[in-house]
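Student: One file is attached below, model00.pdb, containing PDB, C-alpha atoms.
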```
ATOM      1  CA  MET A   1      -2.720  11.368 -14.744
ATOM      2  CA  ASN A   2      -0.718  12.933 -11.928
ATOM      3  CA  ARG A   3      -1.207  10.212  -9.323
ATOM      4  CA  PHE A   4       2.073   9.090  -7.902
ATOM      5  CA  LEU A   5       1.959   8.765  -4.120
ATOM      6  CA  LEU A   6       0.942   5.405  -2.682
ATOM      7  CA  VAL A   7       0.527   6.171   1.012
ATOM      8  CA  PRO A   8       0.543   3.377   3.596
ATOM      9  CA  PHE A   9      -0.629   5.417   6.591
ATOM     10  CA  TYR A  10      -1.026   3.232   9.654
ATOM     11  CA  GLU A  11      -2.475   5.685  12.152
ATOM     12  CA  HIS A  12      -6.023   5.838  13.509
ATOM     13  CA  PRO A  13      -8.129   8.708  12.107
ATOM     14  CA  ALA A  14      -9.384   9.576  15.599
ATOM     15  CA  ASP A  15      -5.785  10.057  16.775
ATOM     16  CA  ARG A  16      -4.496  11.918  13.703
ATOM     17  CA  PRO A  17      -7.498  13.652  12.082
ATOM     18  CA  GLU A  18      -5.349  16.483  10.722
ATOM     19  CA  ALA A  19      -3.120  14.027   8.861
ATOM     20  CA  TRP A  20      -6.071  12.284   7.228
ATOM     21  CA  SER A  21      -7.449  15.683   6.228
ATOM     22  CA  ALA A  22      -4.081  16.513   4.668
ATOM     23  CA  LEU A  23      -4.406  13.435   2.449
ATOM     24  CA  VAL A  24      -7.845  14.572   1.298
ATOM     25  CA  ASP A  25      -6.382  17.978   0.467
ATOM     26  CA  VAL A  26      -3.769  16.500  -1.896
ATOM     27  CA  ALA A  27      -6.073  13.920  -3.499
ATOM     28  CA  PRO A  28      -4.949  14.645  -7.096
ATOM     29  CA  SER A  29      -1.370  13.648  -6.177
ATOM     30  CA  LEU A  30      -2.313  10.234  -4.802
ATOM     31  CA  TYR A  31      -2.198   6.848  -6.485
ATOM     32  CA  GLY A  32      -3.951   5.499  -3.414
ATOM     33  CA  VAL A  33      -4.101   5.272   0.376
ATOM     34  CA  VAL A  34      -3.736   2.016   2.307
ATOM     35  CA  VAL A  35      -6.173   1.650   5.212
ATOM     36  CA  ASN A  36      -5.064  -0.626   8.022
ATOM     37  CA  PRO A  37      -7.380  -0.601  11.055
ATOM     38  CA  ALA A  38      -5.928  -3.638  12.861
ATOM     39  CA  SER A  39      -3.032  -5.170  10.896
ATOM     40  CA  GLY A  40      -5.830  -5.950   8.464
ATOM     41  CA  ALA A  41      -9.547  -5.252   8.535
ATOM     42  CA  GLY A  42      -9.985  -6.373  12.137
ATOM     43  CA  GLU A  43     -12.909  -8.266  13.636
ATOM     44  CA  ALA A  44     -15.531  -5.510  13.416
ATOM     45  CA  PRO A  45     -16.043  -2.277  11.465
ATOM     46  CA  ASP A  46     -14.342   0.870  12.758
ATOM     47  CA  ALA A  47     -16.527   3.941  12.244
ATOM     48  CA  ALA A  48     -13.586   6.362  12.182
ATOM     49  CA  PHE A  49     -11.857   4.448   9.400
ATOM     50  CA  ALA A  50     -15.108   4.185   7.475
ATOM     51  CA  GLU A  51     -15.584   7.952   7.680
ATOM     52  CA  ALA A  52     -11.995   8.618   6.613
ATOM     53  CA  ALA A  53     -12.330   6.216   3.684
ATOM     54  CA  ASP A  54     -15.580   7.915   2.627
ATOM     55  CA  ARG A  55     -13.896  11.330   2.599
ATOM     56  CA  LEU A  56     -10.969  10.089   0.554
ATOM     57  CA  ARG A  57     -13.221   8.288  -1.917
ATOM     58  CA  ALA A  58     -15.367  11.395  -2.324
ATOM     59  CA  ALA A  59     -12.158  13.254  -3.228
ATOM     60  CA  GLY A  60     -11.393  10.675  -5.925
ATOM     61  CA  VAL A  61      -8.751   8.693  -4.037
ATOM     62  CA  ARG A  62      -8.293   4.955  -4.547
ATOM     63  CA  ILE A  63      -8.657   3.087  -1.212
ATOM     64  CA  LEU A  64      -6.703  -0.132  -0.660
ATOM     65  CA  GLY A  65      -7.228  -2.478   2.266
ATOM     66  CA  TYR A  66      -4.147  -3.817   4.045
ATOM     67  CA  VAL A  67      -3.907  -7.618   4.022
ATOM     68  CA  ASP A  68      -0.936  -9.574   5.386
ATOM     69  CA  THR A  69      -0.091 -12.707   3.382
ATOM     70  CA  ALA A  70       2.839 -13.900   5.573
ATOM     71  CA  TYR A  71       4.994 -14.710   2.517
ATOM     72  CA  GLY A  72       2.522 -17.328   1.331
ATOM     73  CA  ARG A  73       2.022 -19.025   4.688
ATOM     74  CA  ARG A  74      -1.335 -17.445   5.445
ATOM     75  CA  PRO A  75      -4.209 -19.533   4.021
ATOM     76  CA  GLN A  76      -5.994 -18.116   1.009
ATOM     77  CA  ALA A  77      -9.335 -18.193   2.848
ATOM     78  CA  GLU A  78      -8.001 -15.898   5.599
ATOM     79  CA  VAL A  79      -6.525 -13.486   3.067
ATOM     80  CA  LEU A  80      -9.826 -13.340   1.201
ATOM     81  CA  THR A  81     -11.819 -12.841   4.424
ATOM     82  CA  ASP A  82      -9.696  -9.802   5.242
ATOM     83  CA  LEU A  83     -10.088  -8.441   1.725
ATOM     84  CA  VAL A  84     -13.876  -8.851   1.728
ATOM     85  CA  ARG A  85     -14.185  -7.209   5.147
ATOM     86  CA  HIS A  86     -12.260  -4.206   3.826
ATOM     87  CA  ARG A  87     -14.590  -4.093   0.830
ATOM     88  CA  ASP A  88     -17.787  -4.374   2.862
ATOM     89  CA  TRP A  89     -16.816  -2.150   5.791
ATOM     90  CA  TYR A  90     -14.681   0.529   4.120
ATOM     91  CA  GLY A  91     -15.671   0.404   0.452
ATOM     92  CA  THR A  92     -12.128  -0.335  -0.672
ATOM     93  CA  ASP A  93     -11.255  -0.403  -4.353
ATOM     94  CA  GLY A  94      -8.757  -3.190  -3.900
ATOM     95  CA  ALA A  95      -6.034  -4.556  -1.662
ATOM     96  CA  PHE A  96      -2.470  -3.875  -0.578
ATOM     97  CA  LEU A  97      -1.130  -7.379  -0.035
ATOM     98  CA  ASP A  98       1.823  -7.208   2.336
ATOM     99  CA  GLN A  99       4.689  -9.644   2.906
ATOM    100  CA  VAL A 100       4.313 -11.205  -0.524
ATOM    101  CA  SER A 101       6.914 -13.810  -1.426
ATOM    102  CA  THR A 102       9.484 -13.073  -4.109
ATOM    103  CA  ALA A 103      10.114 -16.755  -4.869
ATOM    104  CA  PRO A 104       8.900 -18.704  -7.915
ATOM    105  CA  ALA A 105       7.786 -21.542  -5.630
ATOM    106  CA  ALA A 106       4.907 -19.376  -4.326
ATOM    107  CA  LEU A 107       3.603 -18.291  -7.736
ATOM    108  CA  ALA A 108       0.749 -20.807  -7.832
ATOM    109  CA  HIS A 109      -0.466 -19.704  -4.388
ATOM    110  CA  TYR A 110      -0.467 -16.030  -5.321
ATOM    111  CA  ARG A 111      -2.135 -16.758  -8.651
ATOM    112  CA  ARG A 112      -5.041 -18.300  -6.736
ATOM    113  CA  VAL A 113      -5.107 -15.372  -4.299
ATOM    114  CA  ALA A 114      -5.174 -12.858  -7.161
ATOM    115  CA  VAL A 115      -7.983 -14.670  -8.998
ATOM    116  CA  ALA A 116     -10.059 -14.853  -5.803
ATOM    117  CA  ALA A 117      -9.399 -11.186  -5.030
ATOM    118  CA  ARG A 118     -10.468 -10.072  -8.499
ATOM    119  CA  SER A 119     -13.594 -12.225  -8.240
ATOM    120  CA  ALA A 120     -14.376 -10.487  -4.928
ATOM    121  CA  GLY A 121     -14.273  -7.123  -6.673
ATOM    122  CA  ALA A 122     -10.687  -5.941  -6.173
ATOM    123  CA  ALA A 123     -10.154  -3.535  -9.069
ATOM    124  CA  THR A 124      -6.593  -2.764  -7.922
ATOM    125  CA  LEU A 125      -4.089  -5.188  -6.448
ATOM    126  CA  VAL A 126      -0.750  -4.096  -5.023
ATOM    127  CA  PHE A 127       1.778  -6.762  -4.058
ATOM    128  CA  ASN A 128       4.332  -5.619  -1.491
ATOM    129  CA  HIS A 129       7.331  -7.874  -1.994
ATOM    130  CA  GLY A 130       9.740  -5.383  -0.463
ATOM    131  CA  ALA A 131      12.420  -6.652  -2.865
ATOM    132  CA  HIS A 132      12.561  -7.476  -6.543
ATOM    133  CA  PRO A 133      10.423 -10.606  -7.156
ATOM    134  CA  ASP A 134      10.391 -13.375  -9.718
ATOM    135  CA  PRO A 135       8.967 -11.877 -12.951
ATOM    136  CA  GLY A 136       6.067 -14.323 -12.866
ATOM    137  CA  TYR A 137       4.331 -12.139 -10.272
ATOM    138  CA  GLU A 138       3.928  -9.267 -12.712
ATOM    139  CA  GLU A 139       0.796 -10.705 -14.315
ATOM    140  CA  PHE A 140      -1.090 -10.961 -11.005
ATOM    141  CA  ALA A 141      -1.024  -7.383  -9.685
ATOM    142  CA  ASP A 142      -1.393  -3.824 -10.954
ATOM    143  CA  LEU A 143       1.576  -2.619  -8.922
ATOM    144  CA  LEU A 144       4.547  -4.434  -7.401
ATOM    145  CA  VAL A 145       6.440  -2.910  -4.489
ATOM    146  CA  THR A 146       9.963  -3.968  -5.405
ATOM    147  CA  PHE A 147      11.704  -2.066  -2.606
ATOM    148  CA  GLU A 148      10.717  -1.270   0.961
ATOM    149  CA  GLY A 149      13.419  -0.073   3.295
ATOM    150  CA  PRO A 150      15.439   2.851   4.650
ATOM    151  CA  TRP A 151      16.865   5.685   2.595
ATOM    152  CA  ASP A 152      20.437   4.814   3.560
ATOM    153  CA  THR A 153      20.019   1.469   1.789
ATOM    154  CA  TYR A 154      17.915   2.777  -1.096
ATOM    155  CA  ARG A 155      20.406   5.461  -2.059
ATOM    156  CA  THR A 156      23.107   2.822  -2.687
ATOM    157  CA  LEU A 157      21.043   0.671  -5.056
ATOM    158  CA  ASP A 158      20.456   0.773  -8.787
ATOM    159  CA  LEU A 159      17.043  -0.863  -8.985
ATOM    160  CA  PRO A 160      14.965  -1.646 -12.078
ATOM    161  CA  VAL A 161      12.302   0.942 -12.867
ATOM    162  CA  ALA A 162       8.979   0.300 -14.606
ATOM    163  CA  PRO A 163       5.548   1.959 -14.562
ATOM    164  CA  HIS A 164       4.158  -0.938 -12.493
ATOM    165  CA  TYR A 165       6.959  -0.914  -9.889
ATOM    166  CA  CYS A 166       6.732   1.041  -6.639
ATOM    167  CA  HIS A 167       9.419   1.927  -4.105
ATOM    168  CA  LEU A 168       8.550   2.623  -0.457
ATOM    169  CA  VAL A 169      11.327   4.413   1.412
ATOM    170  CA  TYR A 170      11.423   5.361   5.071
ATOM    171  CA  ALA A 171      13.884   7.362   7.180
ATOM    172  CA  ALA A 172      14.018   9.702   4.184
ATOM    173  CA  PRO A 173      15.109  13.342   4.347
ATOM    174  CA  PRO A 174      12.994  16.110   2.805
ATOM    175  CA  GLY A 175      13.144  16.333  -0.969
ATOM    176  CA  VAL A 176      13.698  12.619  -1.589
ATOM    177  CA  ARG A 177      11.665  11.293  -4.481
ATOM    178  CA  PRO A 178      12.067   7.599  -5.294
ATOM    179  CA  VAL A 179      12.705   6.806  -8.945
ATOM    180  CA  THR A 180       9.528   4.839  -9.692
ATOM    181  CA  PRO A 181       6.458   6.716 -11.001
ATOM    182  CA  VAL A 182       4.439   5.450  -8.017
ATOM    183  CA  HIS A 183       6.288   5.734  -4.720
ATOM    184  CA  CYS A 184       6.325   6.973  -1.149
ATOM    185  CA  ALA A 185       9.087   8.425   1.020
ATOM    186  CA  VAL A 186       8.416   9.146   4.698
ATOM    187  CA  PRO A 187      10.570  10.527   7.525
ATOM    188  CA  GLY A 188       9.523   7.799   9.959
ATOM    189  CA  THR A 189      12.040   5.366  11.415
ATOM    190  CA  GLY A 190      12.121   2.381  13.742
ATOM    191  CA  ALA A 191       9.460  -0.288  14.000
ATOM    192  CA  HIS A 192       6.597   1.947  12.849
ATOM    193  CA  PRO A 193       7.812   4.198  10.016
ATOM    194  CA  TRP A 194       4.434   4.154   8.256
ATOM    195  CA  GLY A 195       2.872   6.126  11.085
ATOM    196  CA  THR A 196       4.235   9.222   9.339
ATOM    197  CA  LEU A 197       3.016  10.926   6.192
ATOM    198  CA  PRO A 198       5.203  11.496   3.153
ATOM    199  CA  TYR A 199       6.342  14.974   2.270
ATOM    200  CA  LEU A 200       3.102  16.089   0.661
ATOM    201  CA  PRO A 201       2.819  18.662  -2.123
ATOM    202  CA  GLU A 202       0.963  21.880  -1.496
ATOM    203  CA  PRO A 203      -2.810  21.375  -1.816
ATOM    204  CA  ALA A 204      -4.349  22.580  -5.057
ATOM    205  CA  ARG A 205      -6.445  25.705  -4.573
TER     206      ARG A 205
END
```
Output the file's structure in the form of structure tokens.

Tutor:
Amino acid sequence: MNRFLLVPFYEHPADRPEAWSALVDVAPSLYGVVVNPASGAGEAPDAAFAEAADRLRAAGVRILGYVDTAYGRRPQAEVLTDLVRHRDWYGTDGAFLDQVSTAPAALAHYRRVAVAARSAGAATLVFNHGAHPDPGYEEFADLLVTFEGPWDTYRTLDLPVAPHYCHLVYAAPPGVRPVTPVHCAVPGTGAHPWGTLPYLPEPAR
């Protein structure tokens, strides 16, 4: 299956409708799209995000709700509340858990989070560690983000590659393709690099 781009796109559909339409157009190339209305699901449904999620889902795209875990400091109940709101408001297929610890000391916490998420209907779980984690995390999630950072750093590293690893690279020039089967490389820089789309393939016609 030719699904390789995991796209964390943190822009509002009302502000960037053409970009969201571009994602629909390249649906067969996507592993999934992360929806992030308010650094999480927010306090109330957002109709524009719901409409965008509906369009992507109708095109066969996996929708993942953004949930911050604060490296294990955020209580499990808050994480699960965010996940369930994404599910109920945007029909997400699972969750993109951000700021996941890499340390073995947090394994028990994330095991509980993963079990609760699966019980709440999360078919797909992505853990964004941002760096290579303790191997114990591999049993909890479908995909582990083992690198998140700028191209200038990424290009100097020789990182492990596996089908369930994902690399997210920003400040990337055109033509960059990270080495993991699932990946994303965007041109964005600074504090908000994920407000830019990756270099998308031509839409299938």

Student: Just want the 9 Å neighbourhood of Pro17 (chain A), counted on all atoms listed in the file, with same-chain residues fewer than 5 positions away dropped. Output as a list in words.

Tutor: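 Once the nearby chain positions are removed, what remains is His12, Ala22 and Ala52 of chain A.
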
Student: Of the candidates A:Ala95, A:Leu83, A:Leu197, A:Val169, which one gets nearest to Asp142 (chain A) if we count all atoms listed in the file?

Tutor: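 For Asp142 (chain A), the nearest of the given residues is A:Ala95.
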
Student: Can you pull out every residue within 8 Å of Ile63 (chain A), counting only C-alpha atoms, but drop anything in the same chain fewer than 3 positions away, and send it as a tab-separated table (two decimals) with C-alpha atoms, in the frame of the given file?

Tutor:
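Done, and the output landed in selection.tsv:
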```
chain	number	residue	atom	x	y	z
A	32	GLY	CA	-3.95	5.50	-3.41
A	33	VAL	CA	-4.10	5.27	0.38
A	34	VAL	CA	-3.74	2.02	2.31
A	35	VAL	CA	-6.17	1.65	5.21
A	53	ALA	CA	-12.33	6.22	3.68
A	56	LEU	CA	-10.97	10.09	0.55
A	57	ARG	CA	-13.22	8.29	-1.92
A	91	GLY	CA	-15.67	0.40	0.45
A	92	THR	CA	-12.13	-0.34	-0.67
A	93	ASP	CA	-11.26	-0.40	-4.35
A	94	GLY	CA	-8.76	-3.19	-3.90
```

Student: Between A:Ala191, A:Leu125, A:Ala27, A:Ala41, single out the one closest to Val84 (chain A), counting all atoms listed in the file.

Tutor: A:Ala41

Student: Out of A:Leu23, A:Leu200, A:Ala141, A:Leu64, which residue has the shortest atom-to-atom distance to Val176 (chain A) when counting only C-alpha atoms?

Tutor: A:Leu200

Student: Anything within 12 Å of (6.3, 3.8, -12.8): list those residues as a tab-separated table (two decimals) with C-alpha atoms, in the coordinates of the input, counting only C-alpha atoms and sticking to the file's coordinates.

Tutor:
```tsv
chain	number	residue	atom	x	y	z
A	1	MET	CA	-2.72	11.37	-14.74
A	2	ASN	CA	-0.72	12.93	-11.93
A	3	ARG	CA	-1.21	10.21	-9.32
A	4	PHE	CA	2.07	9.09	-7.90
A	5	LEU	CA	1.96	8.76	-4.12
A	6	LEU	CA	0.94	5.40	-2.68
A	31	TYR	CA	-2.20	6.85	-6.48
A	142	ASP	CA	-1.39	-3.82	-10.95
A	143	LEU	CA	1.58	-2.62	-8.92
A	144	LEU	CA	4.55	-4.43	-7.40
A	145	VAL	CA	6.44	-2.91	-4.49
A	146	THR	CA	9.96	-3.97	-5.40
A	160	PRO	CA	14.96	-1.65	-12.08
A	161	VAL	CA	12.30	0.94	-12.87
A	162	ALA	CA	8.98	0.30	-14.61
A	163	PRO	CA	5.55	1.96	-14.56
A	164	HIS	CA	4.16	-0.94	-12.49
A	165	TYR	CA	6.96	-0.91	-9.89
A	166	CYS	CA	6.73	1.04	-6.64
A	167	HIS	CA	9.42	1.93	-4.11
A	178	PRO	CA	12.07	7.60	-5.29
A	179	VAL	CA	12.70	6.81	-8.94
A	180	THR	CA	9.53	4.84	-9.69
A	181	PRO	CA	6.46	6.72	-11.00
A	182	VAL	CA	4.44	5.45	-8.02
A	183	HIS	CA	6.29	5.73	-4.72
```

Student: Between A:Thr81, A:Thr196, A:Ser39, A:Ser119, single out the one closest to Tyr66 (chain A), counting only C-alpha atoms.

Tutor: A:Ser39

Student: Mind checking which residues fall within 8 Å of region 102-115 of chain A, counting only C-alpha atoms, ignoring those fewer than 5 positions away in the same chain, and posting them as a list of chain:residue names?

Tutor: A:Gly72, A:Gln76, A:Val79, A:Leu80, A:Leu125, A:His129, A:Ala131, A:His132, A:Pro133, A:Asp134, A:Gly136, A:Tyr137, A:Phe140, A:Ala141

Student: What is the CA of Gly40 (chain A)-CA of Ala171 (chain A) distance in Å, reported with one decimal?

Tutor: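 Spanning CA of Gly40 (chain A) to CA of Ala171 (chain A) is a straight-line distance of 23.8 Å.
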
Student: What's the separation between CA of Asp152 (chain A) and CA of Trp20 (chain A), in Å to one decimal place?

Tutor: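 CA of Trp20 (chain A) lies 27.8 Å from CA of Asp152 (chain A).
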
Student: Take CA of Pro187 (chain A) and CA of Val7 (chain A) and report the distance between them in Å, one decimal.

Tutor: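 It comes out at 12.7 Å.
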
Student: Please evaluate the PyMOL selection byres ((chain A and resi 14) around 12) against the displayed coordinates and give the resulting residues as a PDB file with C-alpha atoms, keeping the file's coordinate frame.

Tutor:
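For reference, expr-v5.pdb as written:
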```pdb
ATOM      1  CA  GLU A  11      -2.475   5.685  12.152  1.00  0.00           C
ATOM      2  CA  HIS A  12      -6.023   5.838  13.509  1.00  0.00           C
ATOM      3  CA  PRO A  13      -8.129   8.708  12.107  1.00  0.00           C
ATOM      4  CA  ASP A  15      -5.785  10.057  16.775  1.00  0.00           C
ATOM      5  CA  ARG A  16      -4.496  11.918  13.703  1.00  0.00           C
ATOM      6  CA  PRO A  17      -7.498  13.652  12.082  1.00  0.00           C
ATOM      7  CA  GLU A  18      -5.349  16.483  10.722  1.00  0.00           C
ATOM      8  CA  ALA A  19      -3.120  14.027   8.861  1.00  0.00           C
ATOM      9  CA  TRP A  20      -6.071  12.284   7.228  1.00  0.00           C
ATOM     10  CA  SER A  21      -7.449  15.683   6.228  1.00  0.00           C
ATOM     11  CA  PRO A  37      -7.380  -0.601  11.055  1.00  0.00           C
ATOM     12  CA  ASP A  46     -14.342   0.870  12.758  1.00  0.00           C
ATOM     13  CA  ALA A  47     -16.527   3.941  12.244  1.00  0.00           C
ATOM     14  CA  ALA A  48     -13.586   6.362  12.182  1.00  0.00           C
ATOM     15  CA  PHE A  49     -11.857   4.448   9.400  1.00  0.00           C
ATOM     16  CA  ALA A  50     -15.108   4.185   7.475  1.00  0.00           C
ATOM     17  CA  GLU A  51     -15.584   7.952   7.680  1.00  0.00           C
ATOM     18  CA  ALA A  52     -11.995   8.618   6.613  1.00  0.00           C
TER      19      ALA A  52
END
```

Student: Nearest residue to Arg62 (chain A) out of A:Gly190, A:Leu30, A:Ala122, A:Trp151, using all atoms listed in the file?

Tutor: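 For Arg62 (chain A), the nearest of the given residues is A:Leu30.
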
Student: How would you write, as a PyMOL selection string, the residues chosen by the PyMOL selection byres ((chain A and resi 195) around 6) on this structure?

Tutor: chain A and resi 9-11+192-194+196

Student: Take the point (-13.0, -7.4, 11.0) as written in the file and pick out every residue within 8 Å of it, counting all atoms listed in the file; give the list as a PyMOL selection string.

Tutor: chain A and resi 40-45+82+85-86

Student: For the structure provided, state which residues fall under the PyMOL selection byres ((chain A and resi 199) around 8), and present them as a list in words.

Tutor: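 After applying the PyMOL selection byres ((chain A and resi 199) around 8), what remains is Pro174, Gly175, Ala185, Val186, Leu197, Pro198, Leu200 and Pro201 of chain A.
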
Student: For region 23-32 of chain A, which lacks atoms in the input, supply all heavy atoms and format the output as a compact mmCIF listing (two decimals), in the frame of the given file.

Tutor:
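Final file, rebuild15.txt:
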```
# COMPACT_ATOMS: atom_id res chain seq x y z
N LEU A 23 -4.35 14.34 3.60
CA LEU A 23 -4.41 13.44 2.45
C LEU A 23 -5.57 13.80 1.53
O LEU A 23 -5.44 13.78 0.30
CB LEU A 23 -4.53 11.98 2.92
CG LEU A 23 -3.29 11.40 3.58
CD1 LEU A 23 -3.60 10.01 4.17
CD2 LEU A 23 -2.14 11.30 2.59
N VAL A 24 -6.71 14.13 2.12
CA VAL A 24 -7.84 14.57 1.30
C VAL A 24 -7.47 15.81 0.49
O VAL A 24 -7.80 15.93 -0.69
CB VAL A 24 -9.08 14.84 2.19
CG1 VAL A 24 -10.21 15.46 1.38
CG2 VAL A 24 -9.55 13.55 2.86
N ASP A 25 -6.74 16.72 1.12
CA ASP A 25 -6.38 17.98 0.47
C ASP A 25 -5.50 17.79 -0.76
O ASP A 25 -5.51 18.63 -1.67
CB ASP A 25 -5.67 18.90 1.46
CG ASP A 25 -6.60 19.47 2.52
OD1 ASP A 25 -7.83 19.42 2.32
OD2 ASP A 25 -6.09 19.94 3.56
N VAL A 26 -4.69 16.72 -0.77
CA VAL A 26 -3.77 16.50 -1.90
C VAL A 26 -4.22 15.32 -2.76
O VAL A 26 -3.41 14.69 -3.44
CB VAL A 26 -2.32 16.29 -1.41
CG1 VAL A 26 -1.83 17.53 -0.68
CG2 VAL A 26 -2.20 15.06 -0.52
N ALA A 27 -5.52 15.07 -2.78
CA ALA A 27 -6.07 13.92 -3.50
C ALA A 27 -5.55 13.77 -4.92
O ALA A 27 -5.25 12.64 -5.36
CB ALA A 27 -7.60 13.99 -3.50
N PRO A 28 -5.41 14.83 -5.71
CA PRO A 28 -4.95 14.64 -7.10
C PRO A 28 -3.53 14.08 -7.21
O PRO A 28 -3.16 13.57 -8.28
CB PRO A 28 -5.02 16.06 -7.69
CG PRO A 28 -6.02 16.78 -6.86
CD PRO A 28 -5.83 16.24 -5.48
N SER A 29 -2.75 14.15 -6.14
CA SER A 29 -1.37 13.65 -6.18
C SER A 29 -1.25 12.19 -5.75
O SER A 29 -0.15 11.64 -5.75
CB SER A 29 -0.49 14.49 -5.25
OG SER A 29 -0.49 15.84 -5.62
N LEU A 30 -2.36 11.57 -5.40
CA LEU A 30 -2.31 10.23 -4.80
C LEU A 30 -2.65 9.14 -5.80
O LEU A 30 -3.66 9.21 -6.50
CB LEU A 30 -3.28 10.16 -3.62
CG LEU A 30 -3.07 11.18 -2.49
CD1 LEU A 30 -4.11 10.99 -1.41
CD2 LEU A 30 -1.66 11.06 -1.91
N TYR A 31 -1.82 8.09 -5.81
CA TYR A 31 -2.20 6.85 -6.48
C TYR A 31 -3.23 6.12 -5.64
O TYR A 31 -4.19 5.54 -6.14
CB TYR A 31 -0.96 5.96 -6.68
CG TYR A 31 -1.27 4.61 -7.28
CD1 TYR A 31 -1.30 4.43 -8.65
CD2 TYR A 31 -1.55 3.51 -6.47
CE1 TYR A 31 -1.59 3.19 -9.21
CE2 TYR A 31 -1.84 2.27 -7.01
CZ TYR A 31 -1.87 2.11 -8.38
OH TYR A 31 -2.17 0.88 -8.94
N GLY A 32 -3.02 6.16 -4.32
CA GLY A 32 -3.95 5.50 -3.41
C GLY A 32 -3.49 5.63 -1.98
O GLY A 32 -2.36 6.03 -1.69
```
